[in-house]
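One structure is given below, encoded as structure tokens.
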Amino acid sequence: MISSLQELADQFSKLIPQDAPLPETPAAAGASCAHGGVASQASTNPVQMVDYAIKGWHLDVRARPDQVVAAAALLDENGFATDAVTGVDWIAEGEMEVVYDYFHPANSWRVVVRARVPRSKPEIPTISQVYPGANWHERETHEFFGIVFLGHPNLTPLLLPEDADYHPLRKDFKA
Amino acid sequence: MSALSLLSSGEREHETFILNVGPQHPATHGVLRLKLTMDGEYITRAEPVCGYIHRMHEKMGENRTWAQFLPNTGRIDYLAAMAYGHAYVAAVERAAGIVVPARAEYIRVITSELNRISSHLVWFGAFLLDLGGFTPLLYAFDDREKILDLLEALTGSRLTYCYYRFGGVCNDVDDDFIRGTREFVAGMRPRMKMYRELVTDNIILRKRLIGIGHISAEMCRKYGATGPVIRGSGVAYDVRKNEPYSVYRDFDFDVPVFPEGDCMARYLVRMEEMVQSLRIVEQALDKLPGGPALTAGVPRVLKPAVGDYCFAVEAARGRFLVRIVSDGKEIPYRVRLRTPSFSNLSLFEEASQGMMLPDALALLGSLDLVIPDIDR
């Protein structure tokens, strides 16, 4: 068990080495620029402490799709609870972002893990074996964005009709 | 799967059958359907089927301005709409760097806590109705009516409030509201005592709830269940204390926790929470600062800074999280609504396994579901 968020950040840094640079998140970088913060770090370090008062979470982790399960397992070991899984469609960049929110039931800690998948092949492993609560969130993200969670036990529509073949939160969806 | 195919598969010696509860059933409190696989009176598998009133609020957020989305927040959890508006305006305020006057924050706390009490009163009445006791509902709605009248005079709505604005609230409280709220708080305390004597200590209720529907703290964590569900499992998790927002730091209140994890524990958490909310309302009225209730000069068309932002509040049913993504335009790029009922219901399949049907309905009632909150 960790005693501080910095410890968790160090563990994440081991899990996600810095020498493998990740594609820039325009949202994250733009935000830190806007608040005169850590813009220069944003492009290189995938594990960042952010200002809770500005963003609403403490630790921001950019992972590769194949690292999200290990990230979930690390948070699980440290007593975090699953908050939400969701997507963002970055259509201009041809990518989709999967965002995992976590909170800690005994602390104020908030962690966000994010990974990007290509829009042409939106596939990412499921974390539902680590957090069964992610099961429904992943089903929802699948039906809204068309992101496939590999290994998910039951990837059927949850809120949309059972025969829905559209993904309404994709930016190119027309009702 | 029919009972016949199960029989012929040879997996079970005796028959199981599928029982549909809902989507139109009083115990599901709205259009929720439960697909139960029953072995006699016992549940072998319970599959909640959601989406009957799915409205795609998150897509609606992407085709209107930041301010035009405000009325939507009142229509997610229609019993505790204040907290939802709070999370959304606070997320946008965070993104746009809007400062809220102290008076507005106090009014937000007062109205949110009144709304929490009115929401818990509906749960209290409906839950007992599920368990076969009709009368408490009438008493609960009597008390709730006083809150609805107060909030209606202040906000213009009885349930689907759209009262909070970026930078404050749209209508300052007047003397009538303050007097009426004080009267309500004073009158509610003896009512809580009456509920304790008449209902909580009732032997039939206790036999229906004690030791029924056990949910462990670990299960809550794995499913992200929050609110009275996790506090009824011995975890003192309350967003108002863990991630203090607004002016909750200014008030002296307790987070009721009961370690048993059964339906009775969740019942007691909510009953005690109403008392704590009364305490908060009273303190907020005593300390209510002067000044404006709305920041002047907030532009009509907002363009928050590029980036993503979160804001979490403690709604009546648990943690409600708004995650917004702004691309610097007047229309949100993404609005994500993480609702407590969604996560709380997701553990039902595991928690209800092997329960008797009437006990499972007690468990369902103790989760205090609001279906539009799940379906959005």
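Quick note on naming: the chains in the structure tokens go A, B, ... in the order shown, residues restart at 1 in each chain, and ligands are numbered from 1 in order of appearance.
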
Distance filter 7 Å, only C-alpha atoms, chain A against chain B, as a PyMOL selection string: chain A and resi 27-28+30-31+34+54-56+81-84+88+105-108+131-133+136+158-160+169

Long-range neighbours of range 140-150 of chain A as number ranges by chain, 9 Å cut-off, only C-alpha atoms, 4 positions minimum in chain: A: 85-89, 96, 98, 117, 119, 121-127, 135-136, 155-160, 164-170

Test item: residues at most 8 Å from Leu79 in chain B, only C-alpha atoms, excluding those fewer than 6 positions along its chain, as a PDB file with C-alpha atoms, in the first residue's frame:
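Below is the file result_17.pdb, written as the result:
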ATOM      1  CA  ASN B 115     -32.956  18.230  -1.826  1.00  0.00           C
ATOM      2  CA  SER B 118     -36.528  15.246   0.081  1.00  0.00           C
ATOM      3  CA  SER B 119     -34.859  12.528  -1.999  1.00  0.00           C
ATOM      4  CA  VAL B 122     -39.077   9.457  -1.249  1.00  0.00           C
ATOM      5  CA  LEU B 159     -38.313  18.583  -9.112  1.00  0.00           C
ATOM      6  CA  VAL B 370     -33.508   6.191  -9.874  1.00  0.00           C
TER       7      VAL B 370
END

Which neighbours of Ile110 in chain B fall inside 9 Å, counting only C-alpha atoms, when residues of the same chain fewer than 4 positions from it are skipped, and could you give them as JSON, numbers by chain? {"B": [105, 106, 114, 115, 277, 280, 281, 282, 284, 285]}

Just write the chosen residues, C-alpha atoms, as a tab-separated table (two decimals), in the first residue's frame.
chain	number	residue	atom	x	y	z
B	105	GLU	CA	-22.05	28.64	-2.32
B	106	TYR	CA	-24.00	28.71	0.94
B	114	LEU	CA	-32.78	20.15	1.42
B	115	ASN	CA	-32.96	18.23	-1.83
B	277	SER	CA	-28.37	17.33	6.44
B	280	ILE	CA	-25.81	21.43	7.72
B	281	VAL	CA	-28.85	23.45	6.63
B	282	GLU	CA	-29.16	24.98	10.08
B	284	ALA	CA	-25.58	27.35	6.69
B	285	LEU	CA	-28.58	29.51	7.55

Just the residues within 8 Å of Gly211 in chain B, please, counting only C-alpha atoms, with nothing from its chain fewer than 6 positions along; format it as a list in words. Glu260, Asp262, Cys263 and Met264 of chain B

Please, which residues of range 23-134 of chain A, numbered as in this document, come out helix (DSSP H, G or I) from DSSP, as a PyMOL selection string? chain A and resi 26-34+39-42+52-55+65-77+91-93+134

So which residues of range 63-156 of chain A fall under strand (DSSP E) by DSSP, listed as a ChimeraX atom specification? /A:63,81-90,95-103,110-118,123-125,148-150

Which residue of B:Arg108, B:Arg208, B:Lys329, B:Arg75 approaches Leu151 in chain B most closely, using only C-alpha atoms: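 Looking at the shortest contact to Leu151 in chain B, the residue is B:Arg108.
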
Give me the residues within 12 Å of Asp174 in chain B as a PyMOL selection string, counting only C-alpha atoms and dropping any in the same chain fewer than 5 places off. chain B and resi 107+150-151+153-155+179-181+285+288+290+293

Deliver the residues from the most recent selection as a file, using C-alpha atoms, as a CSV table (one decimal), in the first residue's frame.
chain,number,residue,atom,x,y,z
B,107,ILE,CA,-27.3,28.8,-0.9
B,150,LEU,CA,-39.8,25.9,-0.3
B,151,LEU,CA,-37.7,25.0,-3.3
B,153,ALA,CA,-40.9,29.3,-4.3
B,154,LEU,CA,-37.1,29.8,-4.7
B,155,THR,CA,-36.4,28.1,-8.0
B,179,ARG,CA,-38.0,31.6,7.8
B,180,GLY,CA,-39.7,28.6,6.1
B,181,THR,CA,-36.5,26.6,6.1
B,285,LEU,CA,-28.6,29.5,7.6
B,288,LEU,CA,-25.2,32.8,5.5
B,290,GLY,CA,-24.2,38.8,2.6
B,293,ALA,CA,-25.7,35.5,-5.2

When you count only C-alpha atoms, which of these residues is closest to Asn78 in chain A: A:Glu162, A:Gly151, A:Trp109, A:Asp60?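 Checking each of A:Glu162, A:Gly151, A:Trp109, A:Asp60 against Asn78 in chain A, counting only C-alpha atoms, the winner is A:Trp109.
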
Selected residue, from A:Met49, A:Val113, A:Val99, A:Leu74, that lies nearest to Val61 in chain A when counting only C-alpha atoms: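 The closest residue to Val61 in chain A is A:Val113.
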
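Atom pair CA of Ala46 in chain B / CA of Val130 in chain A has a distance of 21.2 Å (rounded to one decimal).
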
Quote the spacing between CA of Gly132 in chain B and CA of Leu205 in chain B in Å to one decimal place.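 Between CA of Gly132 in chain B and CA of Leu205 in chain B the gap is 9.4 Å.
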
Please compute the CA of Glu330 in chain B-CA of Lys303 in chain B distance, one decimal, in Å.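 Interatomic distance, CA of Glu330 in chain B to CA of Lys303 in chain B: 4.9 Å.
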
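The residue that comes closest to Leu70 in chain B, out of B:Val255, B:Ala83, B:Cys162, B:Met38 and on the basis of only C-alpha atoms, is B:Cys162.
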